[in-house]
Amino acid sequence: MKTFSVEEITEIVGGMLTKAQDAKITQIAPPLLSDENTLALALGEEEIANLANSKAKAALVPLGVQIDGLTTIEVERPRLAMMKLLNLFYIPPVVNKDIHPTAVVDPSAKLGQGVCIGPNVVVSPNAEIGDNTKILANSYIGSNVKIGTNCFFHPGVNVGDRVKVGNNVILHHGVSLGADGFSFVTENPDNIEQARKDGVIKETEQKHVIYKIPSIGAVVIGNNVEIGANAAIDRGTIENTVIGDDTKIDDLVMIGHNCKIGKGCLIISQVGIAGSCVIGDRVVIAGQAGLADHLEIGSDTIIAAKAGVSKSFPERSIVVGIPAMPRKDFIKQLKTMKDAQELIGKFKKYEPMLSAFEEAHAE
Amino acid sequence: MKTFSVEEITEIVGGMLTKAQDAKITQIAPPLLSDENTLALALGEEEIANLANSKAKAALVPLGVQIDGLTTIEVERPRLAMMKLLNLFYIPPVVNKDIHPTAVVDPSAKLGQGVCIGPNVVVSPNAEIGDNTKILANSYIGSNVKIGTNCFFHPGVNVGDRVKVGNNVILHHGVSLGADGFSFVTENPDNIEQARKDGVIKETEQKHVIYKIPSIGAVVIGNNVEIGANAAIDRGTIENTVIGDDTKIDDLVMIGHNCKIGKGCLIISQVGIAGSCVIGDRVVIAGQAGLADHLEIGSDTIIAAKAGVSKSFPERSIVVGIPAMPRKDFIKQLKTMKDAQELIGKFKKYEPMLSAFEEAHAE
Amino acid sequence: MKTFSVEEITEIVGGMLTKAQDAKITQIAPPLLSDENTLALALGEEEIANLANSKAKAALVPLGVQIDGLTTIEVERPRLAMMKLLNLFYIPPVVNKDIHPTAVVDPSAKLGQGVCIGPNVVVSPNAEIGDNTKILANSYIGSNVKIGTNCFFHPGVNVGDRVKVGNNVILHHGVSLGADGFSFVTENPDNIEQARKDGVIKETEQKHVIYKIPSIGAVVIGNNVEIGANAAIDRGTIENTVIGDDTKIDDLVMIGHNCKIGKGCLIISQVGIAGSCVIGDRVVIAGQAGLADHLEIGSDTIIAAKAGVSKSFPERSIVVGIPAMPRKDFIKQLKTMKDAQELIGKFKKYEPMLSAFEEAHAE
């Protein structure tokens, strides 16, 4: 069991200690789940109030919060401090050493120093895996895949042929990299092409063959990228689908073929980005938002949860709604709806008068 | 082939038999797909009408429905009767006995009586699996995982380290339990924190490092829970993510870190619940609805399909829309929209008159 | 390395060659990524403009586009030509021959000529796999499954018992076919039944048991179907869930129990179709749209991205919005919103006058 003094913890989080004491800190927890060897985390108002009923003798609190009779470590940025503490008490996933005997590693694959390959993992011909990368059970690495150093692939990921993955990349359960793009063509214009052109669907050829447009591109994942469980990133048609360095992608996200996602983006759960979008750096796309194909989204833009983005937006936009619009327009629209409710009542009041007046003057 | 008399079936479903006959019932089907040994299921109006063209000699019908010349079993609650009949004719998935020779079971794992482990399943160190639990092919059970009795895990599920699963739990293809929470922090405030504070995105630090906040919590699944294909439930940051007893979760649902989901909830396909939500008991969340983080939803609430829930709601709410509001407000809003269309026409009619009148009085 | 003359390529795409030359074409690429042995693809305006700065000596262009000093192959339908060229340069996934020694194939399974079974694939009792079908690593084929000829299953797919798959079917990473339908019943009416009936949620039975309605149907997939990564198609309750020939389904789509999807449909990423829907032929359902259960959608209908479809629509509809409505109604609604904003301003201008007038006449 790891044990720390309050002084050690104060130093680690870069905080300010009030009222030092002898406590041995062996874990962190919310105030109500703390015992006397716990550092209680009281980052918000509710948790700070809960300190009154906590068994903890020491607490991490925001700057300026002091509690009578309690050892407090004040920090300016509590989430940052929490991150540091969690790293302290983190239990890494249990992984087998080296190459598990049930793994199927092609003799032509090149594995770096300290690589761990889990049970039933398949590493295909000419794949390259960098130093200290760990690939857990039942994962599939296609042929000619290149994976950098210090990556961690959780069980059950599928990486298609020719995909490239940078360093320090984390893939969670069931991630798919490099499935084919969703791209088809018919000999003659199909319903969608017609509707785009004419606005209506005319008599259509009933038996047109739908040809698959093959994807000869791959997926390229930058450094320090994390991708959530069962997310899917499709390969490009000719060029690659690209995810920039430091971008974090949540569970069940779908990124279409040819997309170029910038650096340091946060793409939250169940977002869908259709093919050939170009997304800038540090863009935040909140849960369940969707982007139509071929859009350009400027850097530092925030797209709200559930937004339906059907056109491009410049950098530093904040966009909301279906169809998505700048937040100020959305707020105006909500106000219009509220005003309209009020207005309808008033108008109904005046209407008989207006009607009578009109009639009188029409005579 | 299982065969039942109409009397036996009547007893099983607790129904009322009219006009007994000798038929041997060997299957159940909709009226138009029934033969003379089929019990036709006519639960709704369309299917009742179809009995006229059915080859079936016997039918399950709602109370009060009698068809000339047909043996009918009337029941008060047809779906309940259907459930009982389906259990009668159910064909359980084919499973190997005991531990398949290709399974990789760590010697430290504890397996109960009658446990079945499929081909290529990995059971990690110190995992515990209760009596009669079946884990099918290519699934992964992490270290220190505890699974109860009589569970059924379909092929390809991934259960991360330290996750706890109750009794009688069903996991479908590709379920992910215990991927890391989507939780990050930067040294200084990032775009989202700025936008929340100021409403605009200012000059931002271009190169801030995005630190991963590790998840040291796990996932705890109650008894009698069912989780659909490729759904993902992330582990908690410090505490566990919790799914209450009897809660049923559909395919491709995402439940974020730290969520506490109550008992007997129904969470339909593609719903997303962001981190740290607290959901009561018997809450129904319909397809593709999304919940922002840190919300509290009271028991017996119904959240409509596609709702975008951005604030908490008390128990027994029925909420609809993006942003989600009580259903009565949503209906009012739809009415406002309709009224506004009418009003605009009327106003345009009166406008010249008002304009003329104003002008006249201004002089 | 494959090499083609411009004449050969012209013939393959059925185009019109201007200014033949000796170039050996070894690849295709966008203009800015082309070298002198590349056929530059300039299908749209931006790429046509980029030809000025390209190293390519030859380009594929739309009919009527000619560029001074460049060999051009003009085609009437550039996407169709691109498809043909991509097939020319396509690199098929690397697959092992025959049955990999780590595959677990039940002796009762019947495998056709030229079948390839990858590492750790499980083929259950009585499964049948047609000629030249390839099933890649870590996939699961349940008992009594029937798969046609020339199918290609990417790694990690899960196919439940009794599912039937046609010929030339492509399944991508992690596809789930035949998970149980999401179908439950309680002894007495639950919250949803109450809310449907009464519009409010009354005192409910707190402890009702939720019974699972078993699925005894299966899934039937037609010929030439493609299904994207981590998509899920659930089995039917009594009848089968059916996907018609030539239908293409994108990543993370969910199709509920009992659905009958027609032929030649395109179902884009993250669409959800609830149970028992009947969808016609050549229907297009764009990304993140959702359909409630038991709907009928006529052939040749287009459902817009993010639409929330709560009622049936006839053939050749174009539907948009939440709740979904014909596109012309949706456009009218957007216009109403715009008009209302204007109107509110005007009304506020006239209101004091109306109020004064009313007061004067009331006296």
# chains A, B, ... in the order shown; residues from 1 in each chain; ligands from 1
>>> interface_residues(of="chain A", to="chain C", cutoff="6 Å", atoms="only C-alpha atoms", output="list in words")
Ile201, Ile213, Pro214, Ile216 and Thr336 of chain A
>>> residues_around(residues="His257 in chain B", least_positions_apart="5", cutoff="8 Å", atoms="only C-alpha atoms", output="VMD selection string")
chain B and resid 180 to 182 233 to 237 240 to 241 274 to 276
>>> write_last_selection(atoms="N, CA, C and O atoms", output="PDB file, in the first residue's frame")
ATOM      1  N   ASP B 180     -11.692   3.584 -19.755  1.00  0.00           N
ATOM      2  CA  ASP B 180     -11.412   4.777 -18.948  1.00  0.00           C
ATOM      3  C   ASP B 180     -12.435   5.877 -19.213  1.00  0.00           C
ATOM      4  O   ASP B 180     -12.908   6.030 -20.342  1.00  0.00           O
ATOM      5  N   GLY B 181     -12.755   6.646 -18.187  1.00  0.00           N
ATOM      6  CA  GLY B 181     -13.584   7.822 -18.360  1.00  0.00           C
ATOM      7  C   GLY B 181     -12.906   8.839 -19.267  1.00  0.00           C
ATOM      8  O   GLY B 181     -11.676   8.884 -19.358  1.00  0.00           O
ATOM      9  N   PHE B 182     -13.740   9.658 -19.938  1.00  0.00           N
ATOM     10  CA  PHE B 182     -13.212  10.701 -20.842  1.00  0.00           C
ATOM     11  C   PHE B 182     -13.008  11.944 -20.001  1.00  0.00           C
ATOM     12  O   PHE B 182     -13.939  12.727 -19.789  1.00  0.00           O
ATOM     13  N   ILE B 233     -19.807   1.177 -21.109  1.00  0.00           N
ATOM     14  CA  ILE B 233     -19.998   1.776 -19.788  1.00  0.00           C
ATOM     15  C   ILE B 233     -18.617   2.018 -19.192  1.00  0.00           C
ATOM     16  O   ILE B 233     -17.886   1.066 -18.914  1.00  0.00           O
ATOM     17  N   ASP B 234     -18.284   3.294 -19.007  1.00  0.00           N
ATOM     18  CA  ASP B 234     -16.919   3.651 -18.588  1.00  0.00           C
ATOM     19  C   ASP B 234     -16.749   3.577 -17.075  1.00  0.00           C
ATOM     20  O   ASP B 234     -17.699   3.770 -16.311  1.00  0.00           O
ATOM     21  N   ARG B 235     -15.517   3.365 -16.648  1.00  0.00           N
ATOM     22  CA  ARG B 235     -15.227   3.269 -15.225  1.00  0.00           C
ATOM     23  C   ARG B 235     -15.241   4.659 -14.569  1.00  0.00           C
ATOM     24  O   ARG B 235     -15.101   5.683 -15.250  1.00  0.00           O
ATOM     25  N   GLY B 236     -15.434   4.702 -13.267  1.00  0.00           N
ATOM     26  CA  GLY B 236     -15.466   5.955 -12.539  1.00  0.00           C
ATOM     27  C   GLY B 236     -14.076   6.509 -12.292  1.00  0.00           C
ATOM     28  O   GLY B 236     -13.073   5.788 -12.360  1.00  0.00           O
ATOM     29  N   THR B 237     -14.037   7.812 -11.980  1.00  0.00           N
ATOM     30  CA  THR B 237     -12.744   8.454 -11.729  1.00  0.00           C
ATOM     31  C   THR B 237     -12.175   7.972 -10.392  1.00  0.00           C
ATOM     32  O   THR B 237     -11.070   7.444 -10.337  1.00  0.00           O
ATOM     33  N   ASN B 240     -17.095   4.274  -8.245  1.00  0.00           N
ATOM     34  CA  ASN B 240     -17.484   3.416  -9.351  1.00  0.00           C
ATOM     35  C   ASN B 240     -18.634   4.009 -10.151  1.00  0.00           C
ATOM     36  O   ASN B 240     -19.447   4.764  -9.623  1.00  0.00           O
ATOM     37  N   THR B 241     -18.707   3.673 -11.408  1.00  0.00           N
ATOM     38  CA  THR B 241     -19.915   3.849 -12.197  1.00  0.00           C
ATOM     39  C   THR B 241     -20.841   2.679 -11.823  1.00  0.00           C
ATOM     40  O   THR B 241     -20.380   1.544 -11.772  1.00  0.00           O
ATOM     41  N   ALA B 274     -23.742  11.513 -20.127  1.00  0.00           N
ATOM     42  CA  ALA B 274     -22.408  12.031 -19.811  1.00  0.00           C
ATOM     43  C   ALA B 274     -22.064  11.767 -18.347  1.00  0.00           C
ATOM     44  O   ALA B 274     -22.905  11.321 -17.561  1.00  0.00           O
ATOM     45  N   GLY B 275     -20.857  12.085 -17.975  1.00  0.00           N
ATOM     46  CA  GLY B 275     -20.318  11.707 -16.681  1.00  0.00           C
ATOM     47  C   GLY B 275     -21.091  12.232 -15.485  1.00  0.00           C
ATOM     48  O   GLY B 275     -21.714  13.293 -15.525  1.00  0.00           O
ATOM     49  N   SER B 276     -21.067  11.468 -14.389  1.00  0.00           N
ATOM     50  CA  SER B 276     -21.530  11.903 -13.070  1.00  0.00           C
ATOM     51  C   SER B 276     -23.023  12.202 -12.981  1.00  0.00           C
ATOM     52  O   SER B 276     -23.453  12.950 -12.105  1.00  0.00           O
TER      53      SER B 276
END
>>> residues_around(residues="Ala56 in chain B", least_positions_apart="2", cutoff="7 Å", atoms="only C-alpha atoms", output="VMD selection string")
chain B and resid 31 34 to 40 54 58
>>> residues_around(residues="Ala42 in chain A", least_positions_apart="3", cutoff="6 Å", atoms="only C-alpha atoms", output="list of chain:residue names")
A:Glu47, A:Ile48, A:Leu60, A:Val61
>>> residues_around(residues="Val65 in chain B", least_positions_apart="3", cutoff="12 Å", atoms="only C-alpha atoms", output="number ranges by chain")
B: 16-18, 42-45, 47-49, 51, 59-62, 68, 70-76, 78
>>> write_last_selection(atoms="N, CA and C atoms", output="PDB file, in the first residue's frame")
ATOM      1  N   MET B  16     -58.141 -17.928 -21.347  1.00  0.00           N
ATOM      2  CA  MET B  16     -59.495 -18.477 -21.368  1.00  0.00           C
ATOM      3  C   MET B  16     -59.677 -19.147 -22.722  1.00  0.00           C
ATOM      4  N   LEU B  17     -59.948 -20.442 -22.683  1.00  0.00           N
ATOM      5  CA  LEU B  17     -60.014 -21.227 -23.923  1.00  0.00           C
ATOM      6  C   LEU B  17     -61.449 -21.314 -24.427  1.00  0.00           C
ATOM      7  N   THR B  18     -61.640 -21.006 -25.698  1.00  0.00           N
ATOM      8  CA  THR B  18     -62.950 -21.236 -26.308  1.00  0.00           C
ATOM      9  C   THR B  18     -62.782 -22.299 -27.373  1.00  0.00           C
ATOM     10  N   ALA B  42     -52.235 -13.205 -32.415  1.00  0.00           N
ATOM     11  CA  ALA B  42     -52.979 -12.069 -32.961  1.00  0.00           C
ATOM     12  C   ALA B  42     -53.181 -11.050 -31.838  1.00  0.00           C
ATOM     13  N   LEU B  43     -52.126 -10.277 -31.600  1.00  0.00           N
ATOM     14  CA  LEU B  43     -52.139  -9.371 -30.449  1.00  0.00           C
ATOM     15  C   LEU B  43     -52.746  -8.018 -30.798  1.00  0.00           C
ATOM     16  N   GLY B  44     -52.628  -7.611 -32.062  1.00  0.00           N
ATOM     17  CA  GLY B  44     -53.111  -6.295 -32.465  1.00  0.00           C
ATOM     18  C   GLY B  44     -54.196  -6.404 -33.522  1.00  0.00           C
ATOM     19  N   GLU B  45     -54.758  -5.260 -33.892  1.00  0.00           N
ATOM     20  CA  GLU B  45     -55.891  -5.242 -34.815  1.00  0.00           C
ATOM     21  C   GLU B  45     -55.567  -5.844 -36.172  1.00  0.00           C
ATOM     22  N   GLU B  47     -53.289  -8.008 -36.977  1.00  0.00           N
ATOM     23  CA  GLU B  47     -53.111  -9.456 -36.923  1.00  0.00           C
ATOM     24  C   GLU B  47     -54.432 -10.179 -36.669  1.00  0.00           C
ATOM     25  N   ILE B  48     -55.307  -9.557 -35.918  1.00  0.00           N
ATOM     26  CA  ILE B  48     -56.627 -10.169 -35.695  1.00  0.00           C
ATOM     27  C   ILE B  48     -57.370 -10.266 -37.023  1.00  0.00           C
ATOM     28  N   ALA B  49     -57.274  -9.201 -37.831  1.00  0.00           N
ATOM     29  CA  ALA B  49     -57.905  -9.220 -39.158  1.00  0.00           C
ATOM     30  C   ALA B  49     -57.297 -10.315 -40.030  1.00  0.00           C
ATOM     31  N   LEU B  51     -56.331 -13.147 -39.217  1.00  0.00           N
ATOM     32  CA  LEU B  51     -56.750 -14.512 -38.850  1.00  0.00           C
ATOM     33  C   LEU B  51     -57.702 -15.088 -39.890  1.00  0.00           C
ATOM     34  N   ALA B  59     -55.629 -19.630 -32.022  1.00  0.00           N
ATOM     35  CA  ALA B  59     -54.986 -18.315 -31.958  1.00  0.00           C
ATOM     36  C   ALA B  59     -54.992 -17.773 -30.541  1.00  0.00           C
ATOM     37  N   LEU B  60     -53.932 -17.030 -30.206  1.00  0.00           N
ATOM     38  CA  LEU B  60     -53.888 -16.252 -28.977  1.00  0.00           C
ATOM     39  C   LEU B  60     -54.409 -14.864 -29.300  1.00  0.00           C
ATOM     40  N   VAL B  61     -55.419 -14.428 -28.546  1.00  0.00           N
ATOM     41  CA  VAL B  61     -56.055 -13.140 -28.845  1.00  0.00           C
ATOM     42  C   VAL B  61     -56.277 -12.346 -27.554  1.00  0.00           C
ATOM     43  N   PRO B  62     -56.461 -11.018 -27.675  1.00  0.00           N
ATOM     44  CA  PRO B  62     -56.777 -10.219 -26.493  1.00  0.00           C
ATOM     45  C   PRO B  62     -58.175 -10.584 -25.960  1.00  0.00           C
ATOM     46  N   ASP B  68     -65.170 -16.724 -35.223  1.00  0.00           N
ATOM     47  CA  ASP B  68     -65.985 -17.889 -35.601  1.00  0.00           C
ATOM     48  C   ASP B  68     -65.113 -18.996 -36.190  1.00  0.00           C
ATOM     49  N   LEU B  70     -62.767 -20.696 -34.965  1.00  0.00           N
ATOM     50  CA  LEU B  70     -61.366 -20.769 -34.555  1.00  0.00           C
ATOM     51  C   LEU B  70     -61.279 -21.019 -33.051  1.00  0.00           C
ATOM     52  N   THR B  71     -60.348 -21.887 -32.668  1.00  0.00           N
ATOM     53  CA  THR B  71     -60.049 -22.035 -31.250  1.00  0.00           C
ATOM     54  C   THR B  71     -59.278 -20.806 -30.806  1.00  0.00           C
ATOM     55  N   THR B  72     -59.792 -20.107 -29.808  1.00  0.00           N
ATOM     56  CA  THR B  72     -59.073 -18.922 -29.322  1.00  0.00           C
ATOM     57  C   THR B  72     -58.698 -19.075 -27.855  1.00  0.00           C
ATOM     58  N   ILE B  73     -57.524 -18.560 -27.545  1.00  0.00           N
ATOM     59  CA  ILE B  73     -57.108 -18.448 -26.151  1.00  0.00           C
ATOM     60  C   ILE B  73     -57.065 -16.954 -25.851  1.00  0.00           C
ATOM     61  N   GLU B  74     -58.025 -16.497 -25.046  1.00  0.00           N
ATOM     62  CA  GLU B  74     -58.089 -15.063 -24.735  1.00  0.00           C
ATOM     63  C   GLU B  74     -57.240 -14.763 -23.510  1.00  0.00           C
ATOM     64  N   VAL B  75     -56.485 -13.668 -23.615  1.00  0.00           N
ATOM     65  CA  VAL B  75     -55.651 -13.261 -22.478  1.00  0.00           C
ATOM     66  C   VAL B  75     -55.804 -11.761 -22.237  1.00  0.00           C
ATOM     67  N   GLU B  76     -55.631 -11.381 -20.974  1.00  0.00           N
ATOM     68  CA  GLU B  76     -55.806  -9.974 -20.617  1.00  0.00           C
ATOM     69  C   GLU B  76     -54.617  -9.137 -21.075  1.00  0.00           C
ATOM     70  N   PRO B  78     -51.699  -9.521 -23.630  1.00  0.00           N
ATOM     71  CA  PRO B  78     -51.134 -10.390 -24.673  1.00  0.00           C
ATOM     72  C   PRO B  78     -49.611 -10.450 -24.698  1.00  0.00           C
TER      73      PRO B  78
END
>>> select_by_dssp(residues="range 166-354 of chain A", states="strand (DSSP E or B)", output="PyMOL selection string")
chain A and resi 170-171+176-179+184-186+210-212+219-221+226-227+232-234+241-243+248-249+254-255+260-261+266-267+272-273+278-279+284-285+290-291+296-297+302-303+308-309+313+318-320+325-326
